[in-house]
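Comments concern the structure below.
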Amino acid sequence: MPYVLGIDLGGWRTAAAVSRLVNGASGAGGWTEAEAFPLGTGTSTIPSVLYVLPDGSIHAGEAGQALAGKGRAVLGFGRRVGDDVPLIIDGEPYTGQALLASLALWVVDRVEEREGGRAEHIVVTHPGGWGPYRVELLHRALWRAGLDAVTLLPAPVVAAEEYVVGTPVGAGAVLAVQDFGGGESALVRRTDVGTFELLGCSGNGVDSDPDGYPGGIEPLLDDALLGYVGEQLRVGFDSLDPTDPLVRDGIVRVREECAAARELLTTAAEANITVDLPPSLVTRVPITRASFEELVRPLLFTATDALRRMVAAAGLAPGELAGVVLSGDAARTPLVSALVAAVLPVRVAVGPQPELRVAKGAALAARYAIDRPVNLPAARTGEIVEYGDARAVEPVAGQDVEYVEDYRPRPDPRPRPGHRPRPYGAGQRFGDYDADDDIGEAPPRPPVYIAPLNLPKRGKRWLRRDSQE
């Protein structure tokens with residue numbers, strides 16, 4: 001049965017969804033609703049982690065976890081896309097885009113095995129803050145991995161696609177998108193051809209990497225719970241020996257318990273976090289939803305306030321928005337909707353499975369490659385986010401400042417003169433051109449201000465210490 005595939009390569013979790021083409025008895029048919037593809041046993045998502053074995057093979061998912069002791073676990077590689085310094089794993093260099101393409105290929109192989117054939121088209125998501133250079137690098141890495149019929153789209157765009165399935169909006173409508181899984185705040189607009197274009201995107205104010213591959217807010221919430229457990233038990237997890245395999249595995253289990261408790265507290269009033277640490281610490285730490293919300297309120301407020309500032313920077317009043325779309329697992333936390341509604345009093349859409357919204361939206365967008373094929377390079381479809389110039393800031397007296405970056409997203413909700421919205425492309429077939437063609441230079445790095453270093457006076461005491469070293 002023909003199908004299309006959407007892949008959400010999140011910084012923290014990876015998800016996939018498919019939509020199938022069904023033919024009815026009369027010969028007429030259509031696409032099914034996008035449904036999540038189970039990447040794990042009983043779970044729809046897997047951690048965005050790769051396991052590299054000494055023989056160079058790369059694994060993911062539960063099979064990769066089973067091999068974790070035989071190789072190296074690698075995560076956060078999405079941030080390194082476009083970095084000219086590769087990751088060194090067991091002495092071998094790997095680029096961020098190659099590792100990200102390996103994760104996508106692992107997902108594609110799982111889907112092909114169950115569906116019995118290749119997808120008609122694939123949409124892979126990327127952060128809305130990426131420019132054409134990073135997008136093109138990932139596209140080429142996917143091609144080298146054997147994935148040629150691929151369209152790359154910003155995650156906020158496909159999140160909006162999933163939202164309008166149940167709540168249609170007219171042409172020109174502007175939606176605010178808060179992606180807790182990807183750590184981004186964005187504005188998208190409905191075009192007159194029925195797609196969405198990205199108006200502006202920025203980090204959520206929590207992650208320190210505004211234009212890299214954000215890891216989402218979920219791990220920060222789990223960190224907060226882990227700290228809460230340590231305070232209750234008077235255990236400093238940072239002081240434990242990380243080289244002890246039993247201790248390391250114990251901390252990993254406690255962190256998994258924290259993640260499970262966070263998910264349970266979205267519907268329950270109380271949860272228990274089981275702690276099993278060597279040599280003999282076995283107990284349970286209870287936490288109520290009220291305590292959890294008090295613990296994570298500053299983090300969630302920072303993220304939601306970033307969305308408010310994004311809307312204000314576009315010159316829009318909250319009433320001019322058609323709604324606010326939330327995605328990511330943290331969106332299920334009841335406090336999130338309350339905080340968003342407080343800063344933007346419009347319709348706030350969470351949905352039953354916000355952690356799958358981006359993957360499902362990607363599968364829905366993949367239909368355009370079948371129903372509305374266009375001869376456009378996929379890496380250049382849609383609108384590219386533009387950031388203001390980064391500026392160096394003079395150091396403040398009494399502060400040690402290495403550098404300060406000031407990225408200012410400049411969204412403009414008004415259509416540009418002569419602008420014609422385009423449908424999502426059918427993907428660039430890289431077999432028709434030389435993969436070694438020049439794709440331009442990497443974007444310049446922000447200027448760096450280095451604070452002057454005041455060396456101590458060269459006295460006898462300093463000389464003696466220096467000679468001893």
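Letters for chains follow the order of the structure tokens (A, B, ...), residue numbers begin at 1 for each chain, and ligand numbers begin at 1 in the order shown.
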
DSSP-assigned strand (DSSP E or B) among stretch 12-72 of chain A, expressed as an MDAnalysis selection string: chainID A and resid 13:23 29:31 35:36 46:47 49:52 58:59 72

Taking N, CA and C atoms for each residue, export the selection above as a CSV table (one decimal), in the first residue's frame.
chain,number,residue,atom,x,y,z
A,13,ARG,N,13.9,13.7,21.6
A,13,ARG,CA,13.2,12.5,21.2
A,13,ARG,C,13.0,12.5,19.7
A,14,THR,N,12.9,11.3,19.1
A,14,THR,CA,12.6,11.1,17.7
A,14,THR,C,11.3,10.4,17.5
A,15,ALA,N,10.5,10.9,16.6
A,15,ALA,CA,9.2,10.3,16.3
A,15,ALA,C,9.0,10.1,14.8
A,16,ALA,N,8.0,9.3,14.4
A,16,ALA,CA,7.7,9.1,13.0
A,16,ALA,C,6.2,8.9,12.9
A,17,ALA,N,5.7,9.2,11.7
A,17,ALA,CA,4.3,9.0,11.4
A,17,ALA,C,4.1,8.7,10.0
A,18,VAL,N,3.1,7.9,9.6
A,18,VAL,CA,2.8,7.5,8.2
A,18,VAL,C,1.4,7.9,7.9
A,19,SER,N,1.1,8.1,6.6
A,19,SER,CA,-0.2,8.3,6.0
A,19,SER,C,-0.3,7.4,4.8
A,20,ARG,N,-1.3,6.6,4.6
A,20,ARG,CA,-1.4,5.6,3.5
A,20,ARG,C,-2.5,6.0,2.5
A,21,LEU,N,-2.2,5.6,1.3
A,21,LEU,CA,-3.2,5.9,0.2
A,21,LEU,C,-4.1,4.7,0.0
A,22,VAL,N,-5.4,4.8,0.3
A,22,VAL,CA,-6.3,3.7,0.3
A,22,VAL,C,-7.2,3.9,-0.9
A,23,ASN,N,-7.4,2.8,-1.7
A,23,ASN,CA,-8.3,2.8,-2.8
A,23,ASN,C,-9.6,2.1,-2.4
A,29,GLY,N,-10.4,6.8,-3.7
A,29,GLY,CA,-9.8,6.6,-2.4
A,29,GLY,C,-9.2,7.9,-1.9
A,30,GLY,N,-8.3,7.8,-1.0
A,30,GLY,CA,-7.7,9.0,-0.4
A,30,GLY,C,-6.7,8.6,0.7
A,31,TRP,N,-6.1,9.6,1.2
A,31,TRP,CA,-5.1,9.4,2.2
A,31,TRP,C,-5.8,9.2,3.6
A,35,GLU,N,-0.8,8.6,11.3
A,35,GLU,CA,-0.8,7.9,12.6
A,35,GLU,C,0.7,7.6,13.0
A,36,ALA,N,0.9,7.6,14.3
A,36,ALA,CA,2.3,7.5,14.8
A,36,ALA,C,2.8,6.1,14.5
A,46,ILE,N,11.5,7.4,20.5
A,46,ILE,CA,12.8,6.9,21.0
A,46,ILE,C,13.7,8.1,21.4
A,47,PRO,N,14.7,7.9,22.3
A,47,PRO,CA,15.6,9.0,22.5
A,47,PRO,C,16.5,9.2,21.3
A,49,VAL,N,19.4,9.3,20.4
A,49,VAL,CA,20.7,8.8,20.8
A,49,VAL,C,21.2,7.7,19.8
A,50,LEU,N,22.4,7.8,19.4
A,50,LEU,CA,23.0,6.8,18.5
A,50,LEU,C,24.1,6.0,19.3
A,51,TYR,N,24.2,4.8,19.0
A,51,TYR,CA,25.3,3.9,19.6
A,51,TYR,C,26.2,3.5,18.5
A,52,VAL,N,27.5,3.9,18.7
A,52,VAL,CA,28.5,3.6,17.7
A,52,VAL,C,29.4,2.5,18.2
A,58,ILE,N,26.4,1.7,13.4
A,58,ILE,CA,25.6,2.7,14.2
A,58,ILE,C,24.2,2.1,14.4
A,59,HIS,N,23.8,2.2,15.6
A,59,HIS,CA,22.5,1.6,16.0
A,59,HIS,C,21.7,2.7,16.8
A,72,ARG,N,29.9,3.4,22.0
A,72,ARG,CA,29.8,4.8,22.6
A,72,ARG,C,28.4,5.3,22.3

Stretch 310-324 of chain A environment, 10 Å, only C-alpha atoms, sequence neighbours closer than 5 positions dropped, as number ranges by chain: A: 160, 163, 167-170, 172-178, 185-187, 189, 199-204, 304-305, 337, 340-341, 343-350, 408-414

Could you write out the selected residues, including N, CA and C atoms, as a CSV table (one decimal), in the first residue's frame?
chain,number,residue,atom,x,y,z
A,160,ALA,N,1.9,23.2,12.6
A,160,ALA,CA,0.7,23.9,12.2
A,160,ALA,C,-0.1,23.1,11.2
A,163,TYR,N,-2.3,20.8,13.2
A,163,TYR,CA,-3.3,21.5,13.9
A,163,TYR,C,-4.5,21.8,13.0
A,167,THR,N,-8.9,21.9,13.0
A,167,THR,CA,-9.3,23.3,13.2
A,167,THR,C,-8.8,24.1,12.0
A,168,PRO,N,-9.6,24.1,10.9
A,168,PRO,CA,-9.1,24.8,9.7
A,168,PRO,C,-9.0,26.3,9.9
A,169,VAL,N,-8.1,27.0,9.3
A,169,VAL,CA,-7.9,28.4,9.3
A,169,VAL,C,-7.8,28.9,7.9
A,170,GLY,N,-8.2,30.1,7.6
A,170,GLY,CA,-8.2,30.7,6.3
A,170,GLY,C,-6.9,31.3,5.9
A,172,GLY,N,-4.0,33.7,5.1
A,172,GLY,CA,-3.5,34.9,5.8
A,172,GLY,C,-3.5,34.8,7.3
A,173,ALA,N,-4.2,33.7,7.8
A,173,ALA,CA,-4.2,33.5,9.3
A,173,ALA,C,-2.8,33.3,9.8
A,174,VAL,N,-2.5,33.8,11.0
A,174,VAL,CA,-1.2,33.7,11.6
A,174,VAL,C,-1.4,32.9,12.9
A,175,LEU,N,-0.6,31.8,13.0
A,175,LEU,CA,-0.6,31.0,14.2
A,175,LEU,C,0.8,31.1,14.9
A,176,ALA,N,0.7,31.1,16.2
A,176,ALA,CA,1.9,31.1,17.1
A,176,ALA,C,2.1,29.6,17.4
A,177,VAL,N,3.4,29.2,17.3
A,177,VAL,CA,3.7,27.8,17.6
A,177,VAL,C,4.8,27.8,18.7
A,178,GLN,N,4.5,27.1,19.8
A,178,GLN,CA,5.5,26.9,20.9
A,178,GLN,C,5.9,25.4,20.9
A,185,SER,N,10.1,29.1,19.6
A,185,SER,CA,8.9,29.8,19.5
A,185,SER,C,8.9,30.3,18.1
A,186,ALA,N,7.7,30.3,17.4
A,186,ALA,CA,7.6,30.6,16.0
A,186,ALA,C,6.3,31.2,15.7
A,187,LEU,N,6.3,31.9,14.5
A,187,LEU,CA,5.0,32.4,13.9
A,187,LEU,C,5.0,31.8,12.5
A,189,ARG,N,2.3,31.5,8.9
A,189,ARG,CA,1.1,32.1,8.2
A,189,ARG,C,0.6,31.1,7.2
A,199,LEU,N,7.3,32.8,9.4
A,199,LEU,CA,7.5,34.2,9.5
A,199,LEU,C,8.7,34.5,10.4
A,200,GLY,N,8.8,33.8,11.5
A,200,GLY,CA,9.9,34.1,12.4
A,200,GLY,C,10.1,33.0,13.4
A,201,CYS,N,11.2,32.9,14.0
A,201,CYS,CA,11.5,31.8,14.9
A,201,CYS,C,12.7,32.2,15.8
A,202,SER,N,12.6,31.8,17.1
A,202,SER,CA,13.6,32.1,18.0
A,202,SER,C,13.7,31.0,19.1
A,203,GLY,N,14.8,30.9,19.8
A,203,GLY,CA,14.9,30.0,20.9
A,203,GLY,C,13.9,30.4,22.0
A,204,ASN,N,13.6,29.4,22.9
A,204,ASN,CA,12.6,29.6,23.9
A,204,ASN,C,13.2,30.3,25.1
A,304,THR,N,7.4,30.3,27.8
A,304,THR,CA,6.1,30.9,27.3
A,304,THR,C,6.3,32.5,27.1
A,305,ASP,N,7.1,33.1,27.9
A,305,ASP,CA,7.4,34.5,27.7
A,305,ASP,C,8.1,34.8,26.4
A,337,SER,N,-0.5,25.2,29.6
A,337,SER,CA,-1.6,25.9,29.0
A,337,SER,C,-2.0,27.1,29.7
A,340,VAL,N,0.6,29.9,29.0
A,340,VAL,CA,0.4,30.4,27.6
A,340,VAL,C,-0.8,31.3,27.5
A,341,ALA,N,-1.9,30.8,28.1
A,341,ALA,CA,-3.2,31.6,28.0
A,341,ALA,C,-3.1,32.9,28.8
A,343,VAL,N,-0.4,34.9,28.9
A,343,VAL,CA,0.4,35.8,28.1
A,343,VAL,C,-0.2,36.1,26.8
A,344,LEU,N,-0.9,35.1,26.2
A,344,LEU,CA,-1.6,35.2,24.9
A,344,LEU,C,-3.0,34.7,25.1
A,345,PRO,N,-4.0,35.5,25.5
A,345,PRO,CA,-5.4,35.1,25.7
A,345,PRO,C,-6.1,34.8,24.4
A,346,VAL,N,-5.7,33.7,23.7
A,346,VAL,CA,-6.4,33.2,22.5
A,346,VAL,C,-6.5,31.7,22.7
A,347,ARG,N,-7.1,31.1,21.6
A,347,ARG,CA,-7.3,29.6,21.7
A,347,ARG,C,-5.9,29.0,21.8
A,348,VAL,N,-5.7,28.1,22.8
A,348,VAL,CA,-4.5,27.3,23.0
A,348,VAL,C,-4.8,25.9,22.7
A,349,ALA,N,-4.1,25.3,21.7
A,349,ALA,CA,-4.3,23.9,21.3
A,349,ALA,C,-3.2,23.0,21.8
A,350,VAL,N,-3.5,22.0,22.6
A,350,VAL,CA,-2.5,21.1,23.1
A,350,VAL,C,-2.7,19.8,22.3
A,408,ARG,N,18.2,38.8,17.1
A,408,ARG,CA,16.8,39.4,17.2
A,408,ARG,C,16.0,39.0,16.0
A,409,PRO,N,15.1,38.0,16.2
A,409,PRO,CA,14.2,37.6,15.1
A,409,PRO,C,13.4,38.8,14.6
A,410,ARG,N,13.2,38.9,13.3
A,410,ARG,CA,12.5,40.0,12.7
A,410,ARG,C,11.3,39.5,11.9
A,411,PRO,N,10.3,38.9,12.5
A,411,PRO,CA,9.2,38.4,11.6
A,411,PRO,C,8.4,39.6,11.1
A,412,ASP,N,7.8,39.4,10.0
A,412,ASP,CA,6.9,40.4,9.4
A,412,ASP,C,5.6,39.7,8.9
A,413,PRO,N,4.5,39.9,9.5
A,413,PRO,CA,3.3,39.2,9.1
A,413,PRO,C,2.7,39.6,7.8
A,414,ARG,N,3.2,40.7,7.2
A,414,ARG,CA,2.7,41.2,6.0
A,414,ARG,C,3.3,40.6,4.8

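From atom CA of A:Val325 back to atom CA of A:Glu270, the distance works out to 27.4 Å.
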
Write out as a ChimeraX atom specification all residues of stretch 164-244 of chain A that backbone DSSP assigns to alpha helix (DSSP H). /A:164-166,218-233

Selection: 10 Å around A:Glu161, only C-alpha atoms, excl. self and same-chain fewer than 6 positions, as a PyMOL selection string: chain A and resi 155+168+190+194-196+357-358+360-365

Hey, can you spit out that residue selection with N, CA and C atoms as a PDB file, in the first residue's frame?
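Final output, again-v4.pdb:
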ATOM      1  N   ALA A 155      10.156  22.487  11.663  1.00  0.00           N
ATOM      2  CA  ALA A 155       9.230  21.826  12.586  1.00  0.00           C
ATOM      3  C   ALA A 155       8.001  22.681  12.900  1.00  0.00           C
ATOM      4  N   PRO A 168      -9.578  24.132  10.886  1.00  0.00           N
ATOM      5  CA  PRO A 168      -9.139  24.834   9.680  1.00  0.00           C
ATOM      6  C   PRO A 168      -9.015  26.341   9.925  1.00  0.00           C
ATOM      7  N   ARG A 190      -0.761  31.041   7.094  1.00  0.00           N
ATOM      8  CA  ARG A 190      -1.433  30.215   6.094  1.00  0.00           C
ATOM      9  C   ARG A 190      -1.366  30.931   4.749  1.00  0.00           C
ATOM     10  N   GLY A 194      -2.741  26.975   0.528  1.00  0.00           N
ATOM     11  CA  GLY A 194      -3.092  25.981   1.528  1.00  0.00           C
ATOM     12  C   GLY A 194      -1.942  25.414   2.321  1.00  0.00           C
ATOM     13  N   THR A 195      -0.747  25.989   2.216  1.00  0.00           N
ATOM     14  CA  THR A 195       0.386  25.537   3.015  1.00  0.00           C
ATOM     15  C   THR A 195       0.687  26.594   4.080  1.00  0.00           C
ATOM     16  N   PHE A 196       1.785  26.423   4.785  1.00  0.00           N
ATOM     17  CA  PHE A 196       2.216  27.404   5.779  1.00  0.00           C
ATOM     18  C   PHE A 196       3.623  27.876   5.444  1.00  0.00           C
ATOM     19  N   ARG A 357       2.889  15.631  17.455  1.00  0.00           N
ATOM     20  CA  ARG A 357       2.309  16.616  16.538  1.00  0.00           C
ATOM     21  C   ARG A 357       3.233  16.913  15.369  1.00  0.00           C
ATOM     22  N   VAL A 358       4.516  17.091  15.610  1.00  0.00           N
ATOM     23  CA  VAL A 358       5.441  17.428  14.531  1.00  0.00           C
ATOM     24  C   VAL A 358       5.585  16.271  13.559  1.00  0.00           C
ATOM     25  N   LYS A 360       3.421  13.818  12.938  1.00  0.00           N
ATOM     26  CA  LYS A 360       2.183  13.669  12.168  1.00  0.00           C
ATOM     27  C   LYS A 360       2.044  14.786  11.132  1.00  0.00           C
ATOM     28  N   GLY A 361       2.402  16.002  11.524  1.00  0.00           N
ATOM     29  CA  GLY A 361       2.344  17.100  10.567  1.00  0.00           C
ATOM     30  C   GLY A 361       3.292  16.891   9.409  1.00  0.00           C
ATOM     31  N   ALA A 362       4.452  16.282   9.668  1.00  0.00           N
ATOM     32  CA  ALA A 362       5.401  16.007   8.590  1.00  0.00           C
ATOM     33  C   ALA A 362       4.822  14.999   7.604  1.00  0.00           C
ATOM     34  N   ALA A 363       4.119  13.981   8.116  1.00  0.00           N
ATOM     35  CA  ALA A 363       3.488  13.004   7.229  1.00  0.00           C
ATOM     36  C   ALA A 363       2.393  13.659   6.399  1.00  0.00           C
ATOM     37  N   LEU A 364       1.639  14.569   7.007  1.00  0.00           N
ATOM     38  CA  LEU A 364       0.601  15.273   6.253  1.00  0.00           C
ATOM     39  C   LEU A 364       1.215  16.152   5.169  1.00  0.00           C
ATOM     40  N   ALA A 365       2.310  16.822   5.487  1.00  0.00           N
ATOM     41  CA  ALA A 365       2.968  17.674   4.496  1.00  0.00           C
ATOM     42  C   ALA A 365       3.554  16.854   3.361  1.00  0.00           C
TER      43      ALA A 365
END

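Note that the spacing between atom CA of A:Leu221 and atom CA of A:Gly11 amounts to 14.9 Å.
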